[in-house]
$ cat entry_2.cif   # mmCIF, C-alpha atoms and all ligand atoms
data_coords
#
loop_
_atom_site.label_atom_id
_atom_site.label_comp_id
_atom_site.auth_asym_id
_atom_site.auth_seq_id
_atom_site.Cartn_x
_atom_site.Cartn_y
_atom_site.Cartn_z
CA MET A 941 89.89 124.81 72.16
CA THR A 942 90.10 125.02 75.92
CA LYS A 943 90.32 121.57 77.50
CA LYS A 944 88.19 120.85 80.52
CA ILE A 945 89.81 118.63 83.12
CA ALA A 946 87.74 117.25 85.98
CA VAL A 947 89.99 116.95 89.02
CA LEU A 948 89.03 114.34 91.62
CA PRO A 949 91.55 114.38 94.50
CA GLY A 950 89.79 111.62 96.48
CA ASP A 951 91.10 110.34 99.81
CA GLY A 952 94.31 109.95 101.83
CA ILE A 953 97.32 111.39 100.03
CA GLY A 954 95.10 112.09 97.00
CA PRO A 955 94.70 115.84 97.63
CA GLU A 956 98.44 116.33 98.34
CA ILE A 957 99.67 114.66 95.18
CA ILE A 958 96.95 116.23 93.04
CA ASN A 959 98.09 119.67 94.25
CA GLU A 960 101.50 119.07 92.70
CA ALA A 961 100.00 117.84 89.43
CA ILE A 962 97.90 121.01 89.30
CA LYS A 963 101.07 123.12 89.66
CA VAL A 964 102.41 121.32 86.60
CA ILE A 965 99.22 121.86 84.59
CA GLU A 966 99.18 125.55 85.55
CA CYS A 967 102.81 125.86 84.50
CA LEU A 968 101.93 124.44 81.07
CA ARG A 969 99.04 126.89 80.86
CA ASP A 970 101.13 129.91 81.85
CA ASN A 971 104.31 129.08 79.92
CA TYR A 972 103.31 126.94 76.97
CA GLY A 973 99.86 128.16 75.95
CA PHE A 974 98.06 124.99 77.05
CA ALA A 975 94.45 126.22 77.22
CA VAL A 976 92.86 124.43 80.13
CA GLU A 977 90.09 124.77 82.68
CA LEU A 978 90.07 122.76 85.91
CA GLU A 979 87.06 121.84 87.98
CA ASN A 980 87.15 119.86 91.21
CA GLY A 981 84.78 117.07 92.20
CA LEU A 982 84.27 114.60 95.03
CA VAL A 983 84.88 110.87 94.79
CA GLY A 984 85.52 107.98 97.16
CA GLY A 985 85.34 108.11 100.95
CA SER A 986 85.43 111.89 101.13
CA ALA A 987 82.48 112.00 98.73
CA TYR A 988 80.64 109.47 100.89
CA ASP A 989 81.25 111.57 104.00
CA GLU A 990 79.78 114.65 102.36
CA THR A 991 77.00 113.22 100.24
CA GLY A 992 76.36 109.63 101.31
CA SER A 993 77.62 108.32 97.96
CA PRO A 994 81.18 107.53 96.78
CA LEU A 995 80.19 108.74 93.32
CA PRO A 996 77.66 111.59 93.67
CA GLU A 997 75.46 112.63 90.72
CA GLN A 998 77.22 115.97 90.63
CA THR A 999 80.58 114.27 90.07
CA LEU A 1000 79.11 112.10 87.35
CA ALA A 1001 77.77 115.19 85.58
CA LEU A 1002 81.17 116.87 85.93
CA VAL A 1003 83.16 113.95 84.49
CA ARG A 1004 80.70 113.39 81.64
CA ASP A 1005 81.08 116.99 80.62
CA ALA A 1006 84.89 117.04 80.96
CA ASP A 1007 87.40 116.23 78.21
CA SER A 1008 89.45 114.24 80.63
CA ILE A 1009 89.71 113.32 84.31
CA LEU A 1010 92.60 113.47 86.77
CA LEU A 1011 92.14 111.30 89.85
CA GLY A 1012 94.22 111.07 93.03
CA ALA A 1013 93.35 107.95 95.00
CA VAL A 1014 90.39 106.54 96.92
CA GLY A 1015 89.86 104.47 100.03
CA GLY A 1016 91.12 104.08 103.57
CA PRO A 1017 90.49 102.10 106.76
CA LYS A 1018 87.89 104.63 107.89
CA TRP A 1019 85.48 103.42 105.21
CA GLU A 1020 86.23 99.70 105.35
CA PRO A 1021 83.30 98.87 107.65
CA LEU A 1022 80.84 100.40 105.16
CA ASP A 1023 78.51 98.30 103.06
CA TYR A 1024 80.13 97.14 99.83
CA SER A 1025 77.72 99.26 97.76
CA VAL A 1026 79.01 102.57 99.18
CA ARG A 1027 82.68 101.76 99.65
CA PRO A 1028 85.14 104.26 98.13
CA GLU A 1029 86.24 101.61 95.58
CA ARG A 1030 82.69 101.61 94.19
CA GLY A 1031 83.30 105.22 93.19
CA LEU A 1032 86.29 104.18 91.11
CA LEU A 1033 84.54 101.18 89.54
CA GLY A 1034 81.49 103.37 88.86
CA LEU A 1035 83.60 105.95 87.02
CA ARG A 1036 85.19 103.23 84.90
CA SER A 1037 81.90 101.66 83.89
CA GLU A 1038 79.79 104.84 83.59
CA LEU A 1039 82.36 106.39 81.25
CA ASN A 1040 83.09 103.13 79.45
CA LEU A 1041 86.80 103.42 80.17
CA TYR A 1042 87.59 99.93 78.96
CA ALA A 1043 91.27 100.27 78.05
CA ASN A 1044 93.59 100.56 81.03
CA LEU A 1045 97.21 101.34 80.20
CA ARG A 1046 99.66 100.58 82.98
CA PRO A 1047 103.26 101.15 82.00
CA ALA A 1048 106.01 99.62 84.11
CA LEU A 1049 109.08 101.64 83.39
CA LEU A 1050 112.30 101.51 85.34
CA TYR A 1051 114.12 104.80 85.77
CA PRO A 1052 117.88 104.19 85.58
CA GLU A 1053 118.31 106.36 88.70
CA LEU A 1054 116.02 104.03 90.66
CA GLU A 1055 117.46 100.68 89.65
CA ALA A 1056 118.52 99.97 93.21
CA ALA A 1057 114.92 100.31 94.42
CA SER A 1058 113.83 97.08 92.72
CA THR A 1059 113.88 93.91 94.77
CA LEU A 1060 115.14 92.08 91.69
CA LYS A 1061 118.73 92.02 90.49
CA PRO A 1062 119.67 95.09 88.41
CA GLU A 1063 120.54 92.97 85.36
CA VAL A 1064 117.02 91.48 85.37
CA VAL A 1065 115.23 94.84 85.46
CA SER A 1066 117.57 97.48 84.06
CA GLY A 1067 115.99 99.15 81.04
CA LEU A 1068 112.61 97.57 81.81
CA ASP A 1069 109.77 99.06 79.76
CA ILE A 1070 106.54 97.06 79.69
CA MET A 1071 103.03 98.23 78.90
CA ILE A 1072 100.27 96.26 80.57
CA LEU A 1073 96.95 96.74 78.88
CA ARG A 1074 94.13 95.65 81.16
CA GLU A 1075 90.50 95.33 80.07
CA LEU A 1076 88.74 97.46 82.65
CA THR A 1077 84.97 97.37 82.28
CA GLY A 1078 84.18 93.68 81.86
CA GLY A 1079 85.20 90.26 83.05
CA ILE A 1080 84.63 88.96 86.55
CA TYR A 1081 84.59 92.47 88.04
CA PHE A 1082 81.26 93.26 86.42
CA GLY A 1083 79.86 89.84 85.40
CA GLU A 1084 76.35 88.80 86.49
CA PRO A 1085 75.11 86.88 88.39
CA ARG A 1086 77.12 87.77 91.44
CA GLY A 1087 76.51 87.68 95.14
CA VAL A 1088 76.27 85.49 98.21
CA LYS A 1089 73.25 83.25 98.68
CA THR A 1090 72.17 80.79 101.34
CA LEU A 1091 71.72 77.22 100.16
CA GLU A 1092 68.93 74.92 101.34
CA ASN A 1093 71.25 73.30 103.86
CA GLY A 1094 71.86 76.72 105.40
CA GLU A 1095 75.40 77.04 104.06
CA ARG A 1096 76.29 80.31 102.33
CA GLN A 1097 77.69 80.26 98.81
CA GLY A 1098 79.51 83.12 97.08
CA PHE A 1099 79.61 83.45 93.30
CA ASN A 1100 80.91 85.76 90.56
CA THR A 1101 80.82 85.35 86.82
CA LEU A 1102 83.66 85.62 84.34
CA VAL A 1103 82.15 86.81 81.10
CA TYR A 1104 83.57 88.41 77.95
CA SER A 1105 81.78 88.97 74.69
CA GLU A 1106 83.68 88.91 71.40
CA SER A 1107 83.27 92.62 70.85
CA GLU A 1108 84.79 93.44 74.25
CA VAL A 1109 87.84 91.30 73.47
CA ARG A 1110 88.13 92.61 69.93
CA ARG A 1111 88.26 96.28 70.89
CA ILE A 1112 90.92 95.83 73.59
CA ALA A 1113 92.93 93.61 71.22
CA HIS A 1114 92.94 96.42 68.65
CA ASN A 1115 94.25 98.79 71.33
CA ALA A 1116 97.02 96.32 72.16
CA PHE A 1117 98.21 95.99 68.56
CA GLN A 1118 98.02 99.72 67.97
CA ILE A 1119 100.04 100.46 71.10
CA ALA A 1120 102.61 97.80 70.16
CA ALA A 1121 102.96 99.39 66.72
CA LYS A 1122 104.35 102.49 68.44
CA ARG A 1123 106.66 100.44 70.66
CA ASN A 1124 108.58 97.21 70.06
CA ARG A 1125 105.90 95.47 68.01
CA ARG A 1126 105.25 92.55 70.33
CA VAL A 1127 101.97 91.63 72.01
CA CYS A 1128 101.63 88.88 74.59
CA SER A 1129 98.01 88.02 75.37
CA VAL A 1130 97.50 86.48 78.80
CA ASP A 1131 94.69 84.02 79.52
CA LYS A 1132 93.85 80.76 81.25
CA ALA A 1133 92.64 79.02 78.11
CA ASN A 1134 93.63 75.60 79.44
CA VAL A 1135 90.89 75.81 82.07
CA LEU A 1136 88.43 78.63 81.37
CA GLU A 1137 86.26 78.61 78.24
CA CYS A 1138 85.76 82.35 78.48
CA THR A 1139 89.47 82.92 78.09
CA GLU A 1140 89.70 80.36 75.31
CA LEU A 1141 87.34 82.63 73.41
CA TRP A 1142 89.59 85.54 74.45
CA ARG A 1143 92.57 83.75 72.85
CA ASP A 1144 90.64 82.98 69.63
CA VAL A 1145 89.46 86.57 69.20
CA VAL A 1146 92.89 88.10 69.91
CA THR A 1147 94.41 85.70 67.35
CA GLU A 1148 91.79 86.73 64.80
CA VAL A 1149 92.41 90.45 65.37
CA GLY A 1150 96.16 89.79 65.19
CA LYS A 1151 95.79 88.79 61.54
CA GLU A 1152 95.01 92.43 60.79
CA TYR A 1153 98.43 93.40 62.18
CA PRO A 1154 100.88 91.13 60.34
CA ASP A 1155 103.93 93.14 61.40
CA ILE A 1156 103.19 92.75 65.12
CA GLU A 1157 104.38 89.55 66.77
CA LEU A 1158 101.63 87.91 68.84
CA SER A 1159 102.19 85.32 71.55
CA HIS A 1160 99.89 83.80 74.16
CA MET A 1161 100.68 82.88 77.72
CA TYR A 1162 98.75 81.32 80.61
CA VAL A 1163 98.41 83.72 83.50
CA ASP A 1164 100.29 81.56 86.01
CA ASN A 1165 103.25 81.33 83.66
CA ALA A 1166 103.00 85.07 82.91
CA ALA A 1167 103.28 85.85 86.63
CA MET A 1168 106.35 83.64 86.81
CA GLN A 1169 107.93 85.08 83.65
CA LEU A 1170 107.37 88.62 84.93
CA VAL A 1171 109.69 87.99 87.85
CA ARG A 1172 112.02 85.60 85.98
CA ASN A 1173 112.72 87.57 82.83
CA PRO A 1174 110.47 90.63 82.55
CA LYS A 1175 112.34 92.17 79.64
CA GLN A 1176 110.93 89.53 77.27
CA PHE A 1177 107.66 91.52 77.28
CA ASP A 1178 106.66 94.59 75.32
CA VAL A 1179 102.84 94.91 75.48
CA MET A 1180 100.84 92.47 77.62
CA VAL A 1181 97.08 92.43 77.10
CA THR A 1182 94.69 90.68 79.44
CA GLY A 1183 91.32 90.69 81.16
CA ASN A 1184 90.24 92.71 84.16
CA MET A 1185 91.24 90.48 87.07
CA PHE A 1186 94.44 89.04 85.58
CA GLY A 1187 95.42 92.60 84.66
CA ASP A 1188 94.79 93.79 88.21
CA ILE A 1189 97.17 91.18 89.56
CA LEU A 1190 99.86 91.26 86.88
CA SER A 1191 100.03 95.06 86.86
CA ASP A 1192 100.84 95.15 90.58
CA CYS A 1193 103.51 92.56 89.99
CA ALA A 1194 104.96 94.51 87.05
CA ALA A 1195 104.83 97.76 89.02
CA MET A 1196 106.85 96.22 91.81
CA LEU A 1197 109.58 95.17 89.36
CA THR A 1198 110.38 98.85 89.09
CA GLY A 1199 110.73 99.06 92.85
CA SER A 1200 108.63 102.14 93.13
CA ILE A 1201 104.92 101.82 92.55
CA SER A 1202 104.78 105.50 93.54
CA MET A 1203 106.40 106.40 90.19
CA LEU A 1204 103.86 104.79 87.89
CA PRO A 1205 100.97 106.57 86.15
CA SER A 1206 98.01 104.99 84.38
CA ALA A 1207 95.41 105.84 81.79
CA SER A 1208 91.90 104.47 81.37
CA LEU A 1209 90.48 105.25 77.95
CA ASP A 1210 87.14 105.00 76.18
CA GLU A 1211 86.64 104.46 72.46
CA ASN A 1212 87.25 108.13 71.70
CA SER A 1213 90.39 108.43 73.83
CA LYS A 1214 88.61 110.36 76.53
CA GLY A 1215 90.40 109.23 79.61
CA MET A 1216 90.79 109.08 83.32
CA TYR A 1217 94.36 109.39 84.54
CA GLU A 1218 95.60 108.34 87.95
CA PRO A 1219 98.66 107.07 89.76
CA ILE A 1220 98.76 103.28 90.13
CA HIS A 1221 99.38 103.48 93.87
CA GLY A 1222 96.64 103.83 96.46
CA SER A 1223 95.62 106.46 98.98
CA ALA A 1224 98.36 105.54 101.52
CA PRO A 1225 96.40 106.64 104.60
CA ASP A 1226 99.42 105.89 106.81
CA ILE A 1227 101.38 108.82 105.38
CA SER A 1228 98.53 111.14 104.45
CA GLY A 1229 98.82 114.72 105.67
CA LYS A 1230 102.55 114.44 106.34
CA GLY A 1231 103.73 116.08 103.12
CA ILE A 1232 106.04 113.20 102.27
CA ALA A 1233 104.07 111.38 99.54
CA ASN A 1234 105.63 111.01 96.11
CA PRO A 1235 103.74 113.17 93.58
CA LEU A 1236 105.61 111.88 90.51
CA ALA A 1237 103.13 109.17 89.46
CA THR A 1238 100.36 111.78 89.47
CA ILE A 1239 102.51 114.26 87.57
CA LEU A 1240 103.36 111.54 85.05
CA SER A 1241 99.63 110.83 84.78
CA VAL A 1242 99.26 114.38 83.47
CA SER A 1243 101.92 113.54 80.90
CA MET A 1244 99.90 110.48 79.82
CA MET A 1245 96.79 112.67 79.57
CA LEU A 1246 98.56 115.05 77.22
CA ARG A 1247 99.84 112.15 75.13
CA TYR A 1248 96.73 109.99 74.90
CA SER A 1249 93.76 112.34 75.19
CA PHE A 1250 95.06 115.69 73.97
CA ASP A 1251 97.57 114.69 71.30
CA GLU A 1252 100.20 116.93 72.88
CA ALA A 1253 103.22 114.63 72.78
CA GLY A 1254 105.56 117.65 72.87
CA LEU A 1255 104.22 118.86 76.21
CA ALA A 1256 104.12 115.29 77.53
CA ASN A 1257 107.81 114.88 76.67
CA ARG A 1258 108.58 118.12 78.51
CA ILE A 1259 106.97 116.75 81.68
CA ASP A 1260 108.79 113.43 81.37
CA GLN A 1261 112.09 115.27 80.93
CA ALA A 1262 111.42 117.55 83.89
CA VAL A 1263 110.76 114.49 86.07
CA ASP A 1264 113.95 112.88 84.80
CA LYS A 1265 115.85 116.04 85.57
CA ALA A 1266 114.59 116.19 89.17
CA LEU A 1267 115.69 112.58 89.66
CA LYS A 1268 119.07 113.26 88.05
CA GLN A 1269 119.53 116.16 90.46
CA GLY A 1270 119.31 113.56 93.21
CA LEU A 1271 115.97 114.72 94.55
CA ARG A 1272 113.87 111.94 96.09
CA THR A 1273 110.76 111.69 98.20
CA ALA A 1274 111.21 109.36 101.18
CA ASP A 1275 109.79 106.27 99.40
CA ILE A 1276 112.56 106.25 96.78
CA ALA A 1277 115.40 107.78 98.79
CA SER A 1278 118.77 106.03 98.96
CA ASP A 1279 122.39 106.89 99.76
CA ASN A 1280 123.62 110.09 98.11
CA THR A 1281 120.16 111.45 97.39
CA ARG A 1282 118.41 114.42 98.92
CA THR A 1283 115.07 113.67 100.54
CA VAL A 1284 112.45 116.28 99.69
CA SER A 1285 108.81 116.83 100.57
CA THR A 1286 105.83 116.34 98.28
CA SER A 1287 105.66 120.03 97.41
CA GLU A 1288 109.44 120.42 96.99
CA MET A 1289 109.34 117.60 94.43
CA GLY A 1290 106.43 119.29 92.62
CA ASP A 1291 108.31 122.59 92.63
CA ALA A 1292 111.43 120.92 91.21
CA VAL A 1293 109.44 119.51 88.30
CA VAL A 1294 107.82 122.90 87.66
CA SER A 1295 111.17 124.64 87.69
CA GLY A 1296 112.55 122.02 85.28
CA LEU A 1297 109.57 122.67 83.03
CA GLN A 1298 110.07 126.42 83.10
CA GLN A 1299 113.67 125.97 82.00
CA SER A 1300 112.92 123.47 79.24
C1 LIG A 1401 93.35 98.91 90.77
C2 LIG A 1401 92.76 98.69 92.15
C3 LIG A 1401 91.25 98.61 91.99
C4 LIG A 1401 90.93 97.41 91.14
C5 LIG A 1401 90.47 98.57 93.32
C6 LIG A 1401 90.84 99.72 94.23
C7 LIG A 1401 89.00 98.51 93.08
O1 LIG A 1401 93.31 97.56 92.74
O2 LIG A 1401 93.02 99.92 90.14
O3 LIG A 1401 94.14 98.08 90.35
O4 LIG A 1401 90.86 96.28 91.64
O5 LIG A 1401 90.76 97.58 89.94
MG MG A 1402 94.91 96.69 91.64
#
$ encode --input "entry_2.cif" --output "structure tokens"
Amino acid sequence: MTKKIAVLPGDGIGPEIINEAIKVIECLRDNYGFAVELENGLVGGSAYDETGSPLPEQTLALVRDADSILLGAVGGPKWEPLDYSVRPERGLLGLRSELNLYANLRPALLYPELEAASTLKPEVVSGLDIMILRELTGGIYFGEPRGVKTLENGERQGFNTLVYSESEVRRIAHNAFQIAAKRNRRVCSVDKANVLECTELWRDVVTEVGKEYPDIELSHMYVDNAAMQLVRNPKQFDVMVTGNMFGDILSDCAAMLTGSISMLPSASLDENSKGMYEPIHGSAPDISGKGIANPLATILSVSMMLRYSFDEAGLANRIDQAVDKALKQGLRTADIASDNTRTVSTSEMGDAVVSGLQQS
């Protein structure tokens, strides 16, 4: 069956990096019989400029109808003065919640060729391979009540609510154990159970679900300690599972261990493995339009899409190998360049991956 992919380039470098990912998808279609149909949609600031909404109805209809979604990046200084309700980020959060994409997979993988790019010592990070699983549609990001009110004394007070129901914790916990079963069989659940009741419940439910997976080792860690352990000895982790806000923070930290946030893809999945795939990095308005952005995280997002939504591990492996090959050839976009490497443009990097794919 032909797969329908909704393509949402978004803002900043989004369109440039998405172009390279499309080359890769088209190469799979032309050379490996991957039956696919692509349709573009607007999201983020560019959607706001054209329609007045960061997530127009037309885009919602497109993504609901698609088998999977490929997103570039959203946001930029141009839209920062806008009201919170129409900011580009609302487009992203709206997609997550409207499609119920509750399971956010953020791998932090260090490529041997890029070891020098990490700010940590090579022996601390070499061989690093962590999967952060972030709950994406609940917690303090979506909890009610929320807002800013004015108290009787005239002072303003801001408030948000951290809330998780058992079922929300249970389903993400299952994802964590199932992912760990295909990796190194260790899950570390991150909470703040010493202070926050909501996360004490989180810990209880994860422990309960863990009993169904006796061959997976489960540990628990407070979030402050987890942040410290990530920079002290990151290789102790296999799968880390946590709530929305802790996952936001820890995944940036984990990404930086690899030295190149521009290399890392992500997947956001619903209960039926329909997913939205995007690079972890942002829209990088400072370099947009210059043709120097790194397209590899977006290309690797296509690989994750094939693996997690389309059950095409063979094709996913081909992409991963083609990326590896381009790096081994010494090709680098400016963000990951070092001595003895050749700095290439966004499209040259995309072309190198495509040519590696054609030869595989
Ligand atoms: C992320 C980003 C988003 C988040 C922003 C852009 C809303 O930081 O995907 O990690 O906080 O979830
Ligand atoms: Mg973030």
$ residues_near_ligand --input "entry_2.cif" --ligand "ligand MG 1402 (chain A)" --cutoff "10 Å" --atoms "all atoms listed in the file" --output "list in words"
Asn1184, Met1185, Phe1186, Gly1187, Asp1188, Ile1189, Leu1190, Ser1191, Asp1192, Cys1193, Ile1220, His1221 and Gly1222 of chain A
$ closest_residue --input "entry_2.cif" --among "A:Thr1139, A:Gln1298, A:Ser1278, A:Thr942" --to "Ala975 in chain A" --atoms "all atoms listed in the file"
A:Thr942
$ residues_around --input "entry_2.cif" --residues "Ala1043 in chain A" --least-positions-apart "3" --cutoff "6 Å" --atoms "only C-alpha atoms" --output "NGL selection string"
:A and (1075-1076 or 1208-1209)
$ residues_around --input "entry_2.cif" --residues "Gln1169 in chain A" --least-positions-apart "4" --cutoff "12 Å" --atoms "only C-alpha atoms" --output "NGL selection string"
:A and (1064 or 1128 or 1130 or 1161-1165 or 1173-1177 or 1180 or 1190 or 1193-1194 or 1197)
$ closest_residue --input "entry_2.cif" --among "A:Asp1005, A:Asp1144, A:Glu1029, A:Glu1063" --to "ligand LIG 1401 (chain A)" --atoms "all atoms listed in the file"
A:Glu1029
$ atom_distance --input "entry_2.cif" --atom1 "CA of Ala1274 in chain A" --atom2 "CA of Gly1012 in chain A"
18.9 Å
$ axis_aligned_box --input "entry_2.cif" --around "ligand LIG 1401 (chain A)" --padding-each-side "5 Å" --output "lines of an AutoDock Vina configuration file"
center_x = 91.6
center_y = 98.1
center_z = 92.1
size_x = 15.1
size_y = 13.6
size_z = 14.3
$ residues_around --input "entry_2.cif" --residues "range 956-962 of chain A" --least-positions-apart "2" --cutoff "10 Å" --atoms "all atoms listed in the file" --output "compact mmCIF listing (two decimals) with C-alpha atoms, in the frame of the given file"
# COMPACT_ATOMS: atom_id res chain seq x y z
CA VAL A 947 89.99 116.95 89.02
CA LEU A 948 89.03 114.34 91.62
CA PRO A 949 91.55 114.38 94.50
CA GLY A 950 89.79 111.62 96.48
CA ASP A 951 91.10 110.34 99.81
CA GLY A 952 94.31 109.95 101.83
CA ILE A 953 97.32 111.39 100.03
CA GLY A 954 95.10 112.09 97.00
CA VAL A 964 102.41 121.32 86.60
CA ILE A 965 99.22 121.86 84.59
CA GLU A 966 99.18 125.55 85.55
CA CYS A 967 102.81 125.86 84.50
CA LEU A 968 101.93 124.44 81.07
CA LEU A 978 90.07 122.76 85.91
CA LEU A 1010 92.60 113.47 86.77
CA LEU A 1011 92.14 111.30 89.85
CA GLY A 1012 94.22 111.07 93.03
CA ALA A 1013 93.35 107.95 95.00
CA GLU A 1218 95.60 108.34 87.95
CA PRO A 1219 98.66 107.07 89.76
CA SER A 1223 95.62 106.46 98.98
CA SER A 1228 98.53 111.14 104.45
CA GLY A 1229 98.82 114.72 105.67
CA LYS A 1230 102.55 114.44 106.34
CA GLY A 1231 103.73 116.08 103.12
CA ILE A 1232 106.04 113.20 102.27
CA ALA A 1233 104.07 111.38 99.54
CA ASN A 1234 105.63 111.01 96.11
CA PRO A 1235 103.74 113.17 93.58
CA LEU A 1236 105.61 111.88 90.51
CA ALA A 1237 103.13 109.17 89.46
CA THR A 1238 100.36 111.78 89.47
CA ILE A 1239 102.51 114.26 87.57
CA LEU A 1240 103.36 111.54 85.05
CA SER A 1241 99.63 110.83 84.78
CA VAL A 1242 99.26 114.38 83.47
CA SER A 1243 101.92 113.54 80.90
CA THR A 1286 105.83 116.34 98.28
CA SER A 1287 105.66 120.03 97.41
CA GLU A 1288 109.44 120.42 96.99
CA MET A 1289 109.34 117.60 94.43
CA GLY A 1290 106.43 119.29 92.62
CA ASP A 1291 108.31 122.59 92.63
CA VAL A 1293 109.44 119.51 88.30
CA VAL A 1294 107.82 122.90 87.66
$ residues_near_point --input "entry_2.cif" --point "(106.4, 99.0, 67.8)" --cutoff "12 Å" --atoms "all atoms listed in the file" --output "ChimeraX atom specification"
/A:1071,1116-1127,1153,1155-1157,1178-1179
$ closest_residue --input "entry_2.cif" --among "A:Thr1090, A:Asn971, A:Ser1206, A:Thr1101" --to "ligand LIG 1401 (chain A)" --atoms "all atoms listed in the file"
A:Ser1206
$ atom_distance --input "entry_2.cif" --atom1 "CA of Glu1252 in chain A" --atom2 "CA of Arg969 in chain A"
12.8 Å
$ build_atoms --input "entry_2.cif" --residues "range 1112-1126 of chain A" --atoms "N, CA and C atoms" --output "tab-separated table (two decimals), keeping the file's coordinate frame"
chain	number	residue	atom	x	y	z
A	1112	ILE	N	89.69	95.69	72.80
A	1112	ILE	CA	90.92	95.83	73.59
A	1112	ILE	C	92.10	95.24	72.82
A	1113	ALA	N	91.85	94.20	72.03
A	1113	ALA	CA	92.93	93.61	71.22
A	1113	ALA	C	93.44	94.64	70.21
A	1114	HIS	N	92.52	95.36	69.58
A	1114	HIS	CA	92.94	96.42	68.65
A	1114	HIS	C	93.84	97.44	69.37
A	1115	ASN	N	93.42	97.85	70.57
A	1115	ASN	CA	94.25	98.79	71.33
A	1115	ASN	C	95.66	98.22	71.52
A	1116	ALA	N	95.72	96.94	71.87
A	1116	ALA	CA	97.02	96.32	72.16
A	1116	ALA	C	97.92	96.38	70.93
A	1117	PHE	N	97.38	96.00	69.77
A	1117	PHE	CA	98.21	95.99	68.56
A	1117	PHE	C	98.61	97.41	68.17
A	1118	GLN	N	97.69	98.34	68.35
A	1118	GLN	CA	98.02	99.72	67.97
A	1118	GLN	C	99.08	100.32	68.89
A	1119	ILE	N	99.02	99.97	70.16
A	1119	ILE	CA	100.04	100.46	71.10
A	1119	ILE	C	101.39	99.82	70.76
A	1120	ALA	N	101.35	98.51	70.48
A	1120	ALA	CA	102.61	97.80	70.16
A	1120	ALA	C	103.26	98.37	68.90
A	1121	ALA	N	102.43	98.84	67.97
A	1121	ALA	CA	102.96	99.39	66.72
A	1121	ALA	C	103.83	100.62	66.99
A	1122	LYS	N	103.56	101.30	68.10
A	1122	LYS	CA	104.35	102.49	68.44
A	1122	LYS	C	105.48	102.15	69.39
A	1123	ARG	N	105.61	100.85	69.73
A	1123	ARG	CA	106.66	100.44	70.66
A	1123	ARG	C	107.54	99.38	69.99
A	1124	ASN	N	107.68	98.22	70.62
A	1124	ASN	CA	108.58	97.21	70.06
A	1124	ASN	C	107.87	96.09	69.30
A	1125	ARG	N	106.64	96.35	68.92
A	1125	ARG	CA	105.90	95.47	68.01
A	1125	ARG	C	105.70	94.04	68.50
A	1126	ARG	N	105.54	93.89	69.80
A	1126	ARG	CA	105.25	92.55	70.33
A	1126	ARG	C	104.08	92.62	71.28
